[in-house]
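Shown below: query-v9.csv, with CSV, C-alpha atoms.
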chain,number,residue,atom,x,y,z
A,1,MET,CA,35.0,82.6,-3.8
A,2,GLN,CA,37.0,84.5,-1.2
A,3,GLN,CA,37.8,87.9,-2.3
A,4,LEU,CA,40.6,89.7,-0.6
A,5,LEU,CA,41.8,93.2,-1.5
A,6,LEU,CA,45.4,93.7,-1.1
A,7,ASP,CA,47.4,96.9,-0.6
A,8,PRO,CA,49.2,98.2,-3.7
A,9,ALA,CA,52.1,98.9,-1.5
A,10,LEU,CA,52.6,95.2,-1.2
A,11,ARG,CA,52.9,95.0,-5.0
A,12,ASN,CA,55.4,97.8,-5.1
A,13,TRP,CA,57.6,96.8,-2.2
A,14,VAL,CA,57.4,93.1,-2.1
A,15,LEU,CA,56.2,91.4,-5.3
A,16,LEU,CA,58.3,93.3,-7.9
A,17,PRO,CA,61.4,93.8,-5.7
A,18,ILE,CA,61.7,90.1,-4.9
A,19,MET,CA,61.5,89.2,-8.6
A,20,PHE,CA,63.9,91.8,-9.5
A,21,ILE,CA,66.4,90.8,-6.9
A,22,MET,CA,66.2,87.2,-7.8
A,23,ILE,CA,66.9,88.1,-11.4
A,24,LEU,CA,69.9,90.1,-10.4
A,25,ILE,CA,71.2,87.4,-8.1
A,26,GLY,CA,71.0,84.9,-10.9
A,27,VAL,CA,73.0,87.2,-13.2
A,28,LEU,CA,75.5,87.7,-10.4
A,29,ARG,CA,75.8,84.0,-9.8
A,30,HIS,CA,76.4,83.4,-13.5
A,31,ASN,CA,79.2,85.9,-13.7
A,32,ALA,CA,80.7,84.7,-10.4
A,33,THR,CA,80.8,81.1,-11.6
A,34,ILE,CA,82.5,82.2,-14.8
A,35,LEU,CA,85.1,84.2,-12.9
A,36,LEU,CA,85.7,81.5,-10.3
A,37,GLN,CA,86.4,78.8,-12.9
A,38,SER,CA,90.0,77.9,-12.8
A,39,SER,CA,91.8,77.9,-16.1
A,40,PRO,CA,92.2,74.4,-17.7
A,41,LYS,CA,95.2,72.6,-16.6
A,42,ARG,CA,98.2,72.3,-18.8
A,43,LEU,CA,99.0,68.7,-19.6
A,44,THR,CA,102.4,67.4,-20.5
A,45,LYS,CA,103.2,66.1,-23.9
A,46,GLU,CA,103.0,62.5,-22.8
A,47,GLU,CA,99.6,62.9,-21.2
A,48,ILE,CA,98.2,64.6,-24.3
A,49,ARG,CA,99.5,61.7,-26.4
A,50,GLU,CA,97.7,59.2,-24.3
A,51,GLN,CA,94.5,61.0,-24.5
A,52,ARG,CA,94.7,61.7,-28.2
A,53,LEU,CA,95.3,58.0,-28.9
A,54,LEU,CA,92.2,57.0,-27.0
A,55,GLN,CA,90.2,59.7,-28.8
A,56,ARG,CA,91.5,58.4,-32.1
A,57,ALA,CA,90.4,54.9,-31.2
A,58,PHE,CA,87.0,56.1,-30.2
A,59,SER,CA,86.5,58.1,-33.4
A,60,PHE,CA,87.7,55.2,-35.4
A,61,ARG,CA,85.1,53.0,-33.8
A,62,ASN,CA,82.4,55.4,-34.6
A,63,ASN,CA,83.3,56.3,-38.1
A,64,ALA,CA,84.9,53.1,-39.4
A,65,CYS,CA,82.1,52.5,-41.9
A,66,PHE,CA,83.1,55.4,-44.1
A,67,LEU,CA,86.5,54.0,-44.9
A,68,LEU,CA,87.7,51.5,-47.5
A,69,PRO,CA,88.1,47.9,-46.2
A,70,GLU,CA,91.9,48.0,-46.5
A,71,SER,CA,92.0,51.2,-44.6
A,72,ILE,CA,89.9,49.8,-41.9
A,73,ASN,CA,92.3,46.8,-41.5
A,74,ASN,CA,95.3,49.0,-41.5
A,75,ARG,CA,94.0,51.3,-38.9
A,76,LYS,CA,92.7,48.4,-36.8
A,77,ASP,CA,96.1,46.7,-36.8
A,78,PHE,CA,97.9,49.9,-35.9
A,79,LEU,CA,95.5,50.9,-33.2
A,80,VAL,CA,95.4,47.5,-31.6
A,81,ASP,CA,99.1,47.3,-31.5
A,82,ALA,CA,99.5,50.8,-30.1
A,83,LEU,CA,97.0,50.3,-27.4
A,84,ARG,CA,98.3,46.9,-26.4
A,85,SER,CA,102.0,47.6,-26.4
A,86,GLY,CA,101.8,50.7,-24.2
A,87,LYS,CA,104.1,52.6,-26.5
A,88,TYR,CA,102.1,55.7,-25.9
A,89,LEU,CA,101.7,55.5,-22.2
A,90,LYS,CA,103.2,58.2,-20.1
A,91,PRO,CA,106.5,57.0,-18.6
A,92,ALA,CA,106.0,56.1,-15.0
A,93,ASP,CA,107.5,58.8,-12.9
A,94,PRO,CA,109.7,57.1,-10.3
A,95,ASN,CA,109.6,60.2,-8.0
A,96,ALA,CA,105.8,60.3,-7.8
A,97,PRO,CA,104.5,58.8,-4.6
A,98,LYS,CA,102.6,55.7,-4.9
A,99,ASN,CA,99.0,56.6,-4.2
A,100,LEU,CA,97.2,53.6,-3.0
A,101,ASN,CA,94.4,55.9,-1.9
A,102,PRO,CA,92.7,57.2,-5.1
A,103,MET,CA,90.9,59.9,-3.2
A,104,MET,CA,94.0,61.7,-2.2
A,105,ASP,CA,95.3,62.0,-5.8
A,106,ASP,CA,96.1,65.6,-6.8
A,107,LYS,CA,93.8,65.6,-9.7
A,108,THR,CA,90.9,64.1,-7.8
A,109,LEU,CA,91.1,66.9,-5.3
A,110,GLU,CA,91.1,69.5,-7.9
A,111,ASN,CA,88.0,68.1,-9.5
A,112,LEU,CA,86.3,67.8,-6.2
A,113,MET,CA,87.1,71.4,-5.5
A,114,GLU,CA,85.6,72.4,-8.8
A,115,SER,CA,82.3,70.6,-8.3
A,116,MET,CA,82.1,71.8,-4.7
A,117,LYS,CA,82.6,75.4,-5.8
A,118,GLY,CA,79.8,75.0,-8.3
A,119,ASN,CA,77.5,73.5,-5.7
A,120,MET,CA,78.2,76.1,-3.1
A,121,LEU,CA,77.5,78.9,-5.6
A,122,MET,CA,74.1,77.4,-6.2
A,123,VAL,CA,73.2,76.5,-2.7
A,124,VAL,CA,74.4,79.6,-0.8
A,125,PRO,CA,72.5,82.3,-2.6
A,126,GLN,CA,69.3,80.2,-2.4
A,127,THR,CA,69.7,79.7,1.3
A,128,ILE,CA,70.5,83.4,1.9
A,129,ILE,CA,67.5,84.6,-0.1
A,130,MET,CA,65.2,82.1,1.6
A,131,THR,CA,66.2,83.3,5.1
A,132,TRP,CA,66.0,86.9,4.0
A,133,ILE,CA,62.4,86.4,2.7
A,134,ASN,CA,61.3,84.5,5.8
A,135,GLU,CA,62.8,87.2,8.0
A,136,PHE,CA,61.5,90.3,6.4
A,137,PHE,CA,58.5,89.3,4.3
A,138,SER,CA,56.5,86.9,6.4
A,139,GLY,CA,53.2,87.3,8.0
A,140,PHE,CA,51.1,88.6,5.1
A,141,ILE,CA,49.4,87.3,2.1
A,142,LEU,CA,51.1,88.4,-1.1
A,143,LEU,CA,49.4,87.0,-4.1
A,144,LYS,CA,46.7,84.7,-5.3
A,145,LEU,CA,47.5,81.6,-7.3
A,146,PRO,CA,45.1,81.1,-10.2
A,147,PHE,CA,45.0,77.4,-9.6
A,148,PRO,CA,44.1,75.5,-6.4
A,149,LEU,CA,46.4,73.1,-4.6
A,150,THR,CA,45.9,70.5,-2.0
A,151,TYR,CA,45.7,71.2,1.6
A,152,GLN,CA,49.1,69.8,2.4
A,153,PHE,CA,50.7,72.8,0.9
A,154,LYS,CA,49.0,75.1,3.3
A,155,SER,CA,51.7,75.0,5.9
A,156,ILE,CA,54.4,75.8,3.3
A,157,PHE,CA,52.7,78.4,1.3
A,158,GLN,CA,50.8,80.2,3.9
A,159,SER,CA,53.6,80.1,6.4
A,160,GLY,CA,53.1,83.4,8.1
A,161,VAL,CA,49.4,83.5,8.2
A,162,ALA,CA,47.6,81.2,10.7
A,163,THR,CA,44.1,80.9,9.5
A,164,GLN,CA,42.1,77.9,8.9
A,165,ASP,CA,39.6,79.0,6.3
A,166,LEU,CA,41.7,80.9,3.9
A,167,SER,CA,41.6,79.0,0.6
A,168,ILE,CA,44.9,77.7,-0.6
A,169,GLN,CA,45.0,80.1,-3.4
A,170,TRP,CA,46.1,82.9,-1.2
A,171,VAL,CA,49.8,82.5,-0.5
A,172,SER,CA,52.6,84.3,1.2
A,173,SER,CA,55.8,85.5,-0.1
A,174,ILE,CA,57.7,82.2,0.3
A,175,SER,CA,55.7,80.7,-2.5
A,176,TRP,CA,56.5,83.6,-4.7
A,177,TYR,CA,60.1,82.8,-4.1
A,178,PHE,CA,59.5,79.2,-5.2
A,179,LEU,CA,57.6,80.3,-8.3
A,180,ASN,CA,60.4,82.6,-9.2
A,181,LEU,CA,63.1,80.0,-8.6
A,182,PHE,CA,61.7,77.7,-11.2
A,183,GLY,CA,60.2,80.2,-13.6
A,184,LEU,CA,63.1,82.5,-14.0
A,185,ILE,CA,65.1,79.9,-15.8
A,186,SER,CA,63.6,81.0,-19.0
A,187,VAL,CA,64.3,84.7,-18.2
A,188,TYR,CA,68.0,83.8,-17.6
A,189,ALA,CA,68.0,82.1,-20.9
A,190,LEU,CA,66.8,85.3,-22.5
A,191,LEU,CA,69.3,87.5,-20.6
A,192,LEU,CA,72.4,85.4,-20.5
A,193,GLY,CA,72.1,83.2,-23.6
A,194,GLU,CA,71.9,79.5,-23.5
A,195,ASN,CA,74.3,77.4,-21.3
A,196,ASN,CA,74.1,80.0,-18.6
A,197,MET,CA,75.3,79.2,-15.1
A,198,ALA,CA,72.3,80.7,-13.4
A,199,SER,CA,69.9,78.0,-14.2
A,200,ASN,CA,69.9,74.6,-12.6
A,201,ALA,CA,69.9,73.1,-16.1
A,202,GLU,CA,73.6,73.1,-16.5
A,203,ASN,CA,74.2,70.1,-14.3
A,204,GLU,CA,75.6,68.4,-17.3
A,205,MET,CA,78.6,70.7,-17.1
A,206,GLY,CA,80.6,68.0,-15.4
A,207,MET,CA,79.2,65.2,-17.4
A,208,ALA,CA,79.5,64.1,-20.9
A,209,GLY,CA,77.3,66.0,-23.4
A,210,PHE,CA,78.2,64.4,-26.7
A,211,SER,CA,80.0,61.3,-27.8
A,212,ILE,CA,83.5,62.8,-28.5
A,213,THR,CA,83.6,64.7,-25.3
A,214,ALA,CA,82.5,61.6,-23.5
A,215,ALA,CA,85.7,59.9,-24.4
A,216,THR,CA,87.9,62.9,-23.6
A,217,SER,CA,86.3,63.6,-20.3
A,218,GLN,CA,86.7,60.0,-19.3
A,219,THR,CA,90.4,60.3,-19.8
A,220,ILE,CA,90.6,63.5,-17.9
A,221,GLN,CA,89.1,61.8,-14.9
A,222,PRO,CA,91.9,61.2,-12.5
A,223,GLY,CA,92.5,58.0,-10.6
A,224,GLN,CA,91.6,55.9,-13.6
A,225,ASP,CA,94.2,53.7,-15.0
A,226,ILE,CA,95.0,54.8,-18.4
A,227,ALA,CA,96.6,51.4,-19.2
A,228,LYS,CA,93.3,49.6,-18.3
A,229,LEU,CA,91.4,52.0,-20.5
A,230,MET,CA,93.7,51.3,-23.3
A,231,SER,CA,93.4,47.6,-23.1
A,232,SER,CA,89.6,47.7,-23.0
A,233,GLU,CA,89.7,50.1,-25.9
A,234,SER,CA,91.9,47.7,-27.9
A,235,GLU,CA,89.4,44.9,-27.4
A,236,ASN,CA,86.7,47.2,-28.6
A,237,VAL,CA,88.6,48.1,-31.7
A,238,GLN,CA,89.3,44.5,-32.5
A,239,ILE,CA,85.6,43.8,-32.6
A,240,ILE,CA,85.1,46.2,-35.5
A,241,GLY,CA,84.1,44.2,-38.4
A,242,LYS,CA,84.5,44.9,-42.1
A,243,ASN,CA,81.2,46.9,-42.5
A,244,SER,CA,82.4,49.3,-45.0
A,245,LEU,CA,79.9,51.5,-46.8
A,246,LEU,CA,82.3,51.6,-49.7
A,247,GLU,CA,82.0,47.9,-50.6
A,248,ASP,CA,80.7,47.6,-54.1
A,249,VAL,CA,79.8,51.2,-54.1
A,250,GLU,CA,80.4,51.4,-57.8
A,251,SER,CA,77.6,49.0,-58.7
A,252,ARG,CA,75.2,50.8,-56.4
A,253,VAL,CA,76.0,54.2,-57.9
A,254,LEU,CA,75.5,52.8,-61.4
A,255,LYS,CA,72.3,51.2,-60.4
A,256,GLN,CA,71.1,54.5,-59.0
A,257,PHE,CA,71.8,56.4,-62.1
A,258,ALA,CA,71.1,53.7,-64.7
B,259,MET,CA,72.5,45.9,-44.1
B,260,GLU,CA,71.4,49.3,-45.3
B,261,LYS,CA,74.4,50.8,-47.0
B,262,LYS,CA,73.5,54.3,-47.1
B,263,ILE,CA,74.9,57.0,-44.9
B,264,GLN,CA,72.6,58.8,-42.6
B,265,PRO,CA,74.4,62.0,-41.9
B,266,PHE,CA,73.6,63.2,-38.4
B,267,VAL,CA,75.6,66.2,-37.4
B,268,THR,CA,75.5,66.6,-33.6
B,269,GLU,CA,76.2,70.3,-33.6
B,270,SER,CA,73.3,71.1,-35.9
B,271,ALA,CA,70.9,69.0,-33.9
B,272,VAL,CA,71.9,70.7,-30.7
B,273,HIS,CA,71.6,74.1,-32.3
B,274,ASN,CA,68.2,73.3,-33.6
B,275,GLU,CA,67.1,72.1,-30.3
B,276,ARG,CA,68.4,75.2,-28.6
B,277,VAL,CA,66.5,77.5,-31.0
B,278,VAL,CA,63.3,75.6,-30.6
B,279,SER,CA,63.5,75.7,-26.8
B,280,PHE,CA,64.3,79.4,-26.9
B,281,ILE,CA,61.3,80.1,-29.0
B,282,ARG,CA,59.2,78.0,-26.7
B,283,ASN,CA,60.4,79.7,-23.6
B,284,MET,CA,59.7,83.2,-24.9
B,285,THR,CA,56.3,82.4,-26.4
B,286,LEU,CA,55.1,80.4,-23.4
B,287,SER,CA,56.0,83.3,-21.0
B,288,VAL,CA,54.0,85.7,-23.2
B,289,PHE,CA,51.1,83.3,-23.2
B,290,GLY,CA,51.4,83.1,-19.5
B,291,CYS,CA,51.0,86.8,-19.3
B,292,SER,CA,48.0,86.7,-21.5
B,293,ALA,CA,46.5,83.9,-19.4
B,294,GLY,CA,46.9,86.0,-16.3
B,295,ILE,CA,45.4,89.1,-17.9
B,296,LEU,CA,42.4,87.2,-19.2
B,297,GLY,CA,41.7,85.8,-15.8
B,298,ILE,CA,41.9,82.2,-16.6
B,299,THR,CA,41.9,79.9,-13.6
B,300,SER,CA,42.8,76.4,-12.7
B,301,TYR,CA,41.7,73.8,-15.3
B,302,HIS,CA,41.2,76.2,-18.0
B,303,GLY,CA,44.7,77.4,-17.4
B,304,ILE,CA,46.2,74.0,-18.0
B,305,LEU,CA,44.2,73.6,-21.1
B,306,PHE,CA,45.4,77.0,-22.2
B,307,TYR,CA,48.9,76.0,-21.6
B,308,LEU,CA,48.6,72.9,-23.6
B,309,PHE,CA,46.9,74.8,-26.3
B,310,SER,CA,49.6,77.5,-26.5
B,311,TYR,CA,52.3,74.8,-26.4
B,312,LEU,CA,50.8,73.0,-29.3
B,313,PHE,CA,50.0,76.2,-31.2
B,314,VAL,CA,53.6,77.3,-30.9
B,315,SER,CA,54.9,73.9,-32.0
B,316,PHE,CA,52.5,73.9,-34.9
B,317,LEU,CA,53.7,77.3,-36.0
B,318,ILE,CA,57.3,76.2,-35.8
B,319,TYR,CA,56.3,73.1,-37.8
B,320,THR,CA,54.6,74.9,-40.6
B,321,MET,CA,56.6,78.1,-40.9
B,322,LYS,CA,60.1,77.0,-40.0
B,323,MET,CA,60.3,73.3,-40.8
B,324,GLY,CA,58.0,73.4,-43.8
B,325,GLY,CA,56.1,70.4,-42.6
B,326,ASN,CA,59.2,68.2,-42.4
B,327,VAL,CA,60.1,67.5,-38.8
B,328,ARG,CA,62.6,64.7,-39.4
B,329,GLU,CA,65.1,66.9,-41.2
B,330,PHE,CA,65.4,69.3,-38.2
B,331,TYR,CA,64.8,67.3,-35.2
B,332,GLN,CA,65.5,63.7,-34.3
B,333,PRO,CA,63.4,61.6,-33.5
B,334,GLY,CA,60.6,63.3,-35.3
B,335,LEU,CA,57.6,62.7,-33.1
B,336,LYS,CA,59.3,63.8,-29.9
B,337,PHE,CA,59.3,67.4,-31.1
B,338,TRP,CA,55.6,67.6,-30.1
B,339,TYR,CA,55.5,66.3,-26.6
B,340,ALA,CA,59.0,66.0,-25.1
B,341,LYS,CA,59.3,69.4,-23.6
B,342,VAL,CA,55.9,70.0,-22.2
B,343,ILE,CA,57.1,69.8,-18.6
B,344,GLU,CA,60.0,72.1,-19.2
B,345,GLY,CA,58.0,75.0,-20.4
B,346,ALA,CA,55.5,74.9,-17.5
B,347,PRO,CA,57.3,76.8,-14.8
B,348,SER,CA,57.8,80.0,-16.8
B,349,PHE,CA,54.2,79.9,-17.9
B,350,VAL,CA,53.0,79.5,-14.4
B,351,LEU,CA,55.2,82.2,-13.1
B,352,PHE,CA,54.0,84.8,-15.5
B,353,TRP,CA,50.4,83.6,-15.3
B,354,THR,CA,50.4,84.0,-11.5
B,355,LEU,CA,52.2,87.4,-11.7
B,356,PHE,CA,49.8,89.0,-14.1
B,357,TYR,CA,46.7,87.4,-12.6
B,358,SER,CA,47.7,88.9,-9.2
B,359,LEU,CA,48.6,92.2,-10.7
B,360,VAL,CA,45.4,92.6,-12.6
B,361,TYR,CA,42.8,91.0,-10.5
B,362,VAL,CA,44.0,91.1,-6.9
B,363,TYR,CA,45.7,94.5,-6.6
B,364,GLU,CA,44.0,97.7,-7.3

Take the structure I supplied and represent it as C-alpha cells, if you would.
Amino acid sequence: MQQLLLDPALRNWVLLPIMFIMILIGVLRHNATILLQSSPKRLTKEEIREQRLLQRAFSFRNNACFLLPESINNRKDFLVDALRSGKYLKPADPNAPKNLNPMMDDKTLENLMESMKGNMLMVVPQTIIMTWINEFFSGFILLKLPFPLTYQFKSIFQSGVATQDLSIQWVSSISWYFLNLFGLISVYALLLGENNMASNAENEMGMAGFSITAATSQTIQPGQDIAKLMSSESENVQIIGKNSLLEDVESRVLKQFA
Amino acid sequence: MEKKIQPFVTESAVHNERVVSFIRNMTLSVFGCSAGILGITSYHGILFYLFSYLFVSFLIYTMKMGGNVREFYQPGLKFWYAKVIEGAPSFVLFWTLFYSLVYVYE
C-alpha cells in the first residue's frame, strides 16, 4: 500500500476552495437562470380558447369514467362537434406571412432561444471551471480515492503527474472537480430546495412532467397545426366508451352495506 | 371490469417522492462522511453504501409509512431499489472528502 503524505496547505488552498467555489457557482447559476427566464408570453383570447378546448378534451378522456352515462354522451357529442367544426380555431390572419419553413416561425425561434440559453448557462461555467482548474491546479496529487479504479482512468485522473507506479487511488485535482460535479447535486437540493436550476436533473424543464401539462405544453409548441391536433383529438374522444363507474352504483352500494 | 375508483393524486405522489429523495440525499451524505472517517475502502465501501441505503429506506418504511408502502409510493416495490444509483455520487463525494481529510492529510 503506497502511503503518501500530503501537505496540509494543499487541503487549505485547493481541496476546500474548489468545493466551495463550485457550490457558489452552482448557486449563482441557479439565480442567473431564474433571472434570465423571459416572462411567459401573453396569448390572445382566440389562442387561449383553442388550447383550453384541447385541454378540456384531454381531461374528459382521462376522467370520463367518473360521470353518468348521459353526461358522457353529452360531452362526447359536444366535444366531437367542437373539435371537428373548427369553431374554436383562431381565425386565420390574412396579414401573417405564410411560413412554409416551420423553423423560421417566431415562436420556434423564441423556444430555441430559451433552450439555448439554458444550455449555455450549464455548459459555460463548467468549461470555465475546468480550464481554470487545469491551469492553476495541475501537477500535483490532491487526494486519495478510497476505491480503486481501472488503469484507463490514469490518464484522466492523474493528468499532471507523470509516474508509472503510482496507484490509481492517488488523483489530481481534476478528478476532485468531477467528483464535485456529480456529488454536489444533493447539496444544491439542500441549499436551493427541490427543482433547482443548478443540478442537471432539471432537464425535464422543457418536457412534460405530468399528464395535464403534457397536453398544454404540446399546444404551446409552435409550428404544430392546431387543426390537425384537434381532428386527432376528436377521433380519440369518439373512442371513449360508456365505461361509467356510476352504472348500477346503487346496487353495489347496497350490497356493500347489506 | 373493476368498478372501483383508485384515487391517485399526482401532486401527492410527487410530493412524497420529493420528500423521500430529500431524506435519502441528506442521510446518504452523512453516511458518506462516516464511511470516510471510519476508513472504509473499496468493496466494504460499496457494501456500506448499500447497507446505509437499505437502512434509511427501512427506517422510512417503519417510522413514516407504518409498514404500508403502497399508500405512499406507487408502485410499491420500487421504493426499495429504484434510486440506488441516484444517491451514489453524493455518498462517494463525502466519502472521498472525509477519507482524504482524515487519513491522508496531517

Next item on the list: Would you give me, as number ranges by chain, the residues of chain B that come within 9 Å of chain A, using only C-alpha atoms?
Entry: B: 259-263, 268, 276, 280, 283-284, 287, 294, 297-301, 303, 345-355, 357-359, 362-364

Next item on the list: Could you check how far CA of Ser115 (chain A) sits from CA of Lys228 (chain A), in Å to one decimal?
Entry: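 Taking CA of Ser115 (chain A) as the start and CA of Lys228 (chain A) as the end point, the length is 25.7 Å.
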
Check: A:Lys76, A:Arg52, A:Lys255, A:Lys87: which is nearest Glu235 (chain A), counting all atoms listed in the file?
Finding: A:Lys76

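Shortest atom-to-atom contact with Glu110 (chain A) among A:Ile168, A:Ser59, A:Pro40, A:Leu68: A:Pro40, counting all atoms listed in the file.
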
Next item on the list: Go ahead and find all residues with at least one atom no further than 9 Å from (58.1, 68.9, -28.1) in the file's coordinates, using only C-alpha atoms; report them as a PyMOL selection string.
Entry: chain B and resi 278-279+311-312+315+335-342

Take the residues from that selection and put them in a file with C-alpha atoms, as a JSON list (two decimals), keeping the file's coordinate frame.
[["chain", "number", "residue", "atom", "x", "y", "z"],
["B", 278, "VAL", "CA", 63.30, 75.60, -30.60],
["B", 279, "SER", "CA", 63.50, 75.70, -26.80],
["B", 311, "TYR", "CA", 52.30, 74.80, -26.40],
["B", 312, "LEU", "CA", 50.80, 73.00, -29.30],
["B", 315, "SER", "CA", 54.90, 73.90, -32.00],
["B", 335, "LEU", "CA", 57.60, 62.70, -33.10],
["B", 336, "LYS", "CA", 59.30, 63.80, -29.90],
["B", 337, "PHE", "CA", 59.30, 67.40, -31.10],
["B", 338, "TRP", "CA", 55.60, 67.60, -30.10],
["B", 339, "TYR", "CA", 55.50, 66.30, -26.60],
["B", 340, "ALA", "CA", 59.00, 66.00, -25.10],
["B", 341, "LYS", "CA", 59.30, 69.40, -23.60],
["B", 342, "VAL", "CA", 55.90, 70.00, -22.20]]

Item checked: Atom pair CA of Phe136 (chain A) / CA of Val161 (chain A): separation (Å) -> 14.0 Å

Notebook entry, point to check: Which of these residues is nearest to Val360 (chain B), using all atoms listed in the file: B:Ile281, B:Leu296, B:Asn274, B:Glu344?
Noted result: B:Leu296

Note to self: Just to confirm, what's the straight-line distance from CA of Ser231 (chain A) to CA of Glu50 (chain A) in Å (one decimal)?
What the structure shows: 12.4 Å
